Protein chains: 2
Amino acid sequence: MKMPSIRVFIITAMLSVLTPIAMVAQNVMPRPSQMEKKDGILRIDSSFTISVHGQQKLEALAERTLVRLQKLTGIPLSTKASKNPRTTLEMVCDKYDEKPQLFNTDESYMLAVTSEGAQLKAATRQGILRGIETFLQLVGRDASGFYVTSMNVNDSPRFQWRGLHIDACRHWMPVDVIKRNLDGMALVKMNVLHWHLSEDQGFRVESKRFPKLHEMGSDGNYYTQDQVREIVAYAAERGIRVVPEFDMPGHTSAWFVGYPEIASAPGPYQIVRKWGVFDASMDPTREETYKFLDDFIREMSKLFPDEYFHIGGDEVTGKHWDQNSAIQEFKRKNSIADNHALQAYFNKRILAILKKHGKKMIGWDEIFHPDLPKDIVVHSWRGQKYLAKSAEQGYQGILSAGFYLDHIKTAAFHYAVDPIDSTIGALSAEAQSKILGGEACMWAEYVSPENVDSRIWPRAAAIAERLWSRATVRDVDEMYRRLEIVSKHLETVGLTHRTSYAQMLERIAGSNDYAPLKVLCDVVEPVKNYDRGRTRPHTQFTPLNRLVDAARPESDAAREFNRLVDEYLTGKISNARMNTLNETLSLWKGNHARMESLLSGNFLMGDIDSLSRDLSDVAVIAAKLVEVLDSRTVLTDGQRTLYTKVLERAEKQRAALLLMIVPSVKKMYSVALQ
Amino acid sequence: MKMPSIRVFIITAMLSVLTPIAMVAQNVMPRPSQMEKKDGILRIDSSFTISVHGQQKLEALAERTLVRLQKLTGIPLSTKASKNPRTTLEMVCDKYDEKPQLFNTDESYMLAVTSEGAQLKAATRQGILRGIETFLQLVGRDASGFYVTSMNVNDSPRFQWRGLHIDACRHWMPVDVIKRNLDGMALVKMNVLHWHLSEDQGFRVESKRFPKLHEMGSDGNYYTQDQVREIVAYAAERGIRVVPEFDMPGHTSAWFVGYPEIASAPGPYQIVRKWGVFDASMDPTREETYKFLDDFIREMSKLFPDEYFHIGGDEVTGKHWDQNSAIQEFKRKNSIADNHALQAYFNKRILAILKKHGKKMIGWDEIFHPDLPKDIVVHSWRGQKYLAKSAEQGYQGILSAGFYLDHIKTAAFHYAVDPIDSTIGALSAEAQSKILGGEACMWAEYVSPENVDSRIWPRAAAIAERLWSRATVRDVDEMYRRLEIVSKHLETVGLTHRTSYAQMLERIAGSNDYAPLKVLCDVVEPVKNYDRGRTRPHTQFTPLNRLVDAARPESDAAREFNRLVDEYLTGKISNARMNTLNETLSLWKGNHARMESLLSGNFLMGDIDSLSRDLSDVAVIAAKLVEVLDSRTVLTDGQRTLYTKVLERAEKQRAALLLMIVPSVKKMYSVALQ
């Protein structure tokens, strides 16, 4: 064993989950509708108890809360609900509905904290659940111990549909991934898991009626029906509805491996291993297709108790329909003008089946068609404009455009997206009421169980706030402050977005000391939108164990560097902050030298060498620019040529990664050029 | 949000789980009996498959192995056992025993790896399980990818009983704690979970026959019978037997809260909250006691399928027996000489009950008595001498003396303990065969679900090697090298001994930056043996959220510092190592200044101030001693007085912590004084 080597290490500034400041009341995310701070505090120690009034069935929830409080503070608690009427936290709930919850369940709650104790009141168990999350986020500490500030909270959600969509098809997401994400969702008061269960790349649920679906369409990676029930129950305990999606008539290659007879082209079919839009599609003209789907939906309707059933409906290319003469004949005979109309015909048939089995239809934008009745829900991936249009026509809708987590955008970007966007025209009150909310989408082309948490969290918490809190809650700096706190809190319920970062870096480094790799990875981000697919060919079997898979979607360090540069350029920088700027540049300047031994012969670091070199080179330029700006001197021609060249090179993606400090240095450069 | 501050950070030198060196074959822990390296390597990529020959029921195991390999490498794999006869890894097993396994199950296996593929052969499923752990530990990487070196392994255990004892009573250990520790045990080839389920401080299993046991004796913290079955099945899948312990006739206060009628003193009883030995004891003279225990053992015998049943039997004070006139009268009438004989009478009665229910008795040292037959197993907490004595008399035995993890000793200490200790006299072959193995013991006075993993792991892996590998495997440096690798590997199966360290430090710091606290915590250890109980009063409700609870039982940094000092003092230090020594001292010297803001007003850091100051002061002395020794000058009288005083102060425990660098600096000091 070698001696612990000493390395300069960048510690991303983070507030503790339990912030030792009086402002802890301001840390709750999503921000509650009303919070009124009072004098005094409620001390939290090992005598902390919870009692349940009204509904004894809340006892299990009380016990889970006690376990979490114990985990948060390290204080051993009796984790049983107390029979004593006088307890630290009283939960008062008149109604306890064990039936599958409806999308319009009342989730409001009132929380009153005094130095004598706290009372949480709600009309439903869902309201109690939301209030508990607020209470746990209010736990702070001072010089004597843990506490909650005295206050009154009166809170309810802005939108009733606050979802997270998880694609378990393109990459398989085992049960534990889903469960820990349900815990994360509950923490930020999200209430719908939209579970994407069938795709060209995999069919992920056991079907007893059609066993070849999961047997031939999943590589063995599917949820058994017992596991589905387990997850649905786990979600319900946390006040989360589970809406399954079985995408049809397109995105269906994996169905056809076992059942080519319902396809539009003859087959045989294989599970698709690549990414993209494919032509496989159900045959909407044959009665056998509807017989199959009637039986299938009957089975799945029992397994998934929620009243909504998502049929996908997106991206039907129509090619296999055009190539099938029987389908062409059917269209002519029935005067179906085009493929969109044919899909509407299909959707109407499916709608009838869903109604028969007691379900409401939800589908992506493409299902919207004047032939369909108003009780469907349109799920928009195309934008607020489309959502507004269908709402004005009386269709209910939810928004996912702008909430695609796989686009690797910033939390600030998602935070700015509102399902009701006044900038695209005023919506009637009637139409506004049709907009139910939104869903963050985690499409799974480039995520694995190891890094999916880091793509969802903490950014989904910003979306959760957009969907829960008042529309006026929009301060981005303030959002980022709280996002950092909630990010840590999310790990206490089992998410791995922070710990897996270190573990992945350690594996990539394959060496004693991955600190320099962390310095580099802290300032890069994966390429955006669909650019990754253009960098090198990816399939379902491409290992996701490179730096781009470890890198966070949003670089806190680069954002903070940008802030320092702005302070510097506006002349508003303090001495302490100027020191930080200089130390940061100095760390980056020397980092490539420290990286060299890690880079050598490391098959997981292809293309990282030049990226690492550029970080150091750009830091050298930035330090030089500070010198030039401080001394009010002028750059030489040679410097200009060199800096332009280096900065151009440095802003190009390598290994599907972007060096996020370049824009700030370019800003300094352009000032120096003036 | 603040800018990432730059802090000097000590990175404890760690080898990656997947070591990129040819010596990966040497990393397996416990070390196999025979390993023969061949030329060539087996490449591991996304085409990796496993097939099962002989017993199709091994398929679930093949799938778990594929999931783990995927987790280890980040390579997506089809996680289904392959039907194709030609696969990367073939598992060949003739026997698959679904009955509860016996303690003498054959666990041997043969693993042959060539560049064409690997074959794992064993007579039993248990052998396959052990071989899989070896295979997974053999996965390494080179410049092109992941691989396993070609080799033949022929392996079998030295002892048949390789246990981990977990006390779930003094502090409650939820199901997930037990499960992840079972995964850790399997990784290092341990095969017995000794589950300590009843104590003065808690009764932890649901009894349907005597519900007041868990209802009144557990604060609600008990395993339901379903959970027990779940854990027993989980363990069996991993080739681990579950031996329950219900301690009797002493350590029984929690039983008597609900059932005072079987106690020796009238009661009423409460769950005990303090630590120590208490007088509560069953009444061994009343038939009602045996009727109760007959019914109780009948119920538990069905719940726990293992053939062994641990009755504890330790630390009966006899006080309540002496104070009970009916018991005194019984002793006189039946000519029972003393309380030890009375306990032997009790044990004989219990033995009869156990036999009736098909169980064999195991108990602590104290059950050993000439009146008892030879088919009991004596579990020694007192030492090899006692174990040897009972073995010579024909009793089977297992060792736990020297394996108490709660004593907070080093891995090297435990590693040196052998159940068959030739230094205390030669044992006959017959007697040697009676010594079945040993158990690491995790008593739970000072552990919580948050830090219990860090008290068990990685040290228990050194004990696991002692019990599995040949007696001649004794190289301590080599053990530490592999312990570090296996420690990381253990986290990949869900243990939290490394991640919880950071999380606990972060909570204690309660601040943006806990790096200086980590520097301090890296060089301290909790006090040893039972000293902690003497530092301040502890109860079951004392929060375990202080630095002593986060600190690792063994400081790698201090051990490494000691190595540096030894190299320095013997004049064998390289320039690079000398730089490391100087940089380390410089880091420590400045650390207290960096700690001050964390210490201020922090209720979780009582007594840490002086400890932190001493780290810096001792580092100043050490740096000065280097100067003096290098320049061959002499210490002044003033220096001598001061250094003696500081070092004396610094070696005293504070906050139940010891500063582990002091002995090395004292060593330097004594050389400088010469």
# chains A, B, ... in the order shown; residues from 1 in each chain; ligands from 1

$ residues_around --residues "segment 218-235 of chain B" --least-positions-apart "5" --cutoff "10 Å" --atoms "only C-alpha atoms" --output "PyMOL selection string"
(chain A and resi 63+77-81) or (chain B and resi 100+168-169+171-176+178-179+181-183+185-186+191-193+197-199+201-208+212-213+240-243+254-255+257+271+300+303-306)

$ select_by_dssp --residues "segment 90-320 of chain B" --states "alpha helix (DSSP H)" --output "number ranges by chain"
B: 125-137, 175-187, 212-217, 225-237, 253-258, 287-303, 319-320

$ closest_atom_pairs --of "segment 615-658 of chain B" --to "segment 397-418 of chain B" --cutoff "12 Å" --atoms "only C-alpha atoms" --output "JSON lines"
{"residue": "B:Ala656", "atom": "CA", "partner": "B:Ile408", "partner_atom": "CA", "distance": 11.9}
{"residue": "B:Leu657", "atom": "CA", "partner": "B:Ile408", "partner_atom": "CA", "distance": 11.3}
{"residue": "B:Leu658", "atom": "CA", "partner": "B:Ile408", "partner_atom": "CA", "distance": 11.5}

$ residues_around --residues "Glu439 of chain B" --least-positions-apart "6" --cutoff "6 Å" --atoms "only C-alpha atoms" --output "ChimeraX atom specification"
/B:162-164,400

$ residues_around --residues "Asp322 of chain A" --least-positions-apart "6" --cutoff "12 Å" --atoms "only C-alpha atoms" --output "list in words"
Ser264, Ala265, Asp279, Ala280, Ser281, Asp283, Val316, Gln328, Glu329, Phe330, Lys331, Asp338, Asn339 and Leu342 of chain A

$ closest_residue --among "B:Ser47, B:Ser670, B:Gln137, B:Ser33" --to "chain A" --atoms "only C-alpha atoms"
B:Ser47

$ atom_distance --atom1 "atom CA of Arg170 of chain A" --atom2 "atom CA of Arg546 of chain A"
18.4 Å

$ residues_around --residues "Ser422 of chain B" --least-positions-apart "4" --cutoff "12 Å" --atoms "only C-alpha atoms" --output "PyMOL selection string"
chain B and resi 384-385+388+417-418+426-428+432+471

$ write_last_selection --atoms "all heavy atoms" --output "JSON list (two decimals), in the first residue's frame"
[["chain", "number", "residue", "atom", "x", "y", "z"],
["B", 384, "GLN", "N", -8.72, -19.68, 22.93],
["B", 384, "GLN", "CA", -8.35, -20.97, 22.34],
["B", 384, "GLN", "C", -8.07, -22.03, 23.40],
["B", 384, "GLN", "O", -8.28, -23.21, 23.16],
["B", 384, "GLN", "CB", -7.10, -20.84, 21.46],
["B", 384, "GLN", "CG", -7.35, -20.07, 20.18],
["B", 384, "GLN", "CD", -6.76, -18.68, 20.26],
["B", 384, "GLN", "OE1", -6.91, -17.99, 21.27],
["B", 384, "GLN", "NE2", -6.12, -18.25, 19.19],
["B", 385, "LYS", "N", -7.59, -21.60, 24.57],
["B", 385, "LYS", "CA", -7.25, -22.53, 25.65],
["B", 385, "LYS", "C", -8.51, -23.31, 26.05],
["B", 385, "LYS", "O", -8.49, -24.52, 26.19],
["B", 385, "LYS", "CB", -6.75, -21.69, 26.84],
["B", 385, "LYS", "CG", -5.93, -22.44, 27.84],
["B", 385, "LYS", "CD", -5.25, -21.45, 28.81],
["B", 385, "LYS", "CE", -6.29, -20.62, 29.57],
["B", 385, "LYS", "NZ", -5.67, -19.70, 30.55],
["B", 388, "ALA", "N", -9.61, -25.57, 23.18],
["B", 388, "ALA", "CA", -8.75, -26.76, 23.09],
["B", 388, "ALA", "C", -9.14, -27.77, 24.17],
["B", 388, "ALA", "O", -9.22, -28.97, 23.92],
["B", 388, "ALA", "CB", -7.28, -26.35, 23.24],
["B", 417, "VAL", "N", -5.13, -14.44, 14.98],
["B", 417, "VAL", "CA", -5.83, -15.39, 15.85],
["B", 417, "VAL", "C", -6.24, -16.61, 15.03],
["B", 417, "VAL", "O", -6.84, -16.48, 13.97],
["B", 417, "VAL", "CB", -7.09, -14.73, 16.46],
["B", 417, "VAL", "CG1", -7.88, -15.76, 17.27],
["B", 417, "VAL", "CG2", -6.71, -13.53, 17.32],
["B", 418, "ASP", "N", -5.87, -17.80, 15.53],
["B", 418, "ASP", "CA", -6.22, -19.03, 14.81],
["B", 418, "ASP", "C", -7.01, -19.94, 15.75],
["B", 418, "ASP", "O", -6.61, -20.13, 16.89],
["B", 418, "ASP", "CB", -4.92, -19.72, 14.35],
["B", 418, "ASP", "CG", -5.19, -20.77, 13.29],
["B", 418, "ASP", "OD1", -6.08, -21.63, 13.50],
["B", 418, "ASP", "OD2", -4.53, -20.73, 12.24],
["B", 426, "ALA", "N", 0.25, -28.61, 21.59],
["B", 426, "ALA", "CA", -0.19, -29.39, 20.43],
["B", 426, "ALA", "C", -1.53, -30.05, 20.74],
["B", 426, "ALA", "O", -1.76, -30.54, 21.84],
["B", 426, "ALA", "CB", 0.85, -30.43, 20.07],
["B", 427, "LEU", "N", -2.40, -30.04, 19.74],
["B", 427, "LEU", "CA", -3.71, -30.64, 19.89],
["B", 427, "LEU", "C", -3.70, -31.96, 19.11],
["B", 427, "LEU", "O", -3.15, -32.03, 18.03],
["B", 427, "LEU", "CB", -4.74, -29.68, 19.28],
["B", 427, "LEU", "CG", -6.09, -29.53, 19.95],
["B", 427, "LEU", "CD1", -5.95, -29.16, 21.42],
["B", 427, "LEU", "CD2", -6.89, -28.45, 19.23],
["B", 428, "SER", "N", -4.32, -32.98, 19.66],
["B", 428, "SER", "CA", -4.40, -34.24, 18.93],
["B", 428, "SER", "C", -5.20, -34.03, 17.64],
["B", 428, "SER", "O", -6.02, -33.11, 17.55],
["B", 428, "SER", "CB", -5.10, -35.29, 19.79],
["B", 428, "SER", "OG", -6.46, -34.94, 19.95],
["B", 432, "GLN", "N", -8.35, -31.69, 17.04],
["B", 432, "GLN", "CA", -8.37, -30.67, 15.97],
["B", 432, "GLN", "C", -9.63, -30.80, 15.12],
["B", 432, "GLN", "O", -10.22, -29.80, 14.72],
["B", 432, "GLN", "CB", -7.14, -30.82, 15.07],
["B", 432, "GLN", "CG", -5.87, -30.31, 15.74],
["B", 432, "GLN", "CD", -4.74, -30.07, 14.74],
["B", 432, "GLN", "OE1", -4.97, -29.92, 13.56],
["B", 432, "GLN", "NE2", -3.52, -30.03, 15.25],
["B", 471, "ALA", "N", -3.54, -22.45, 6.92],
["B", 471, "ALA", "CA", -2.99, -21.83, 8.13],
["B", 471, "ALA", "C", -1.70, -21.07, 7.83],
["B", 471, "ALA", "O", -1.32, -20.14, 8.55],
["B", 471, "ALA", "CB", -2.74, -22.90, 9.19]]

$ residues_around --residues "segment 525-533 of chain B" --least-positions-apart "6" --cutoff "12 Å" --atoms "only C-alpha atoms" --output "PyMOL selection string"
chain B and resi 274-276+402-410+443+445-446+455+539+542+546-559+611+651-662
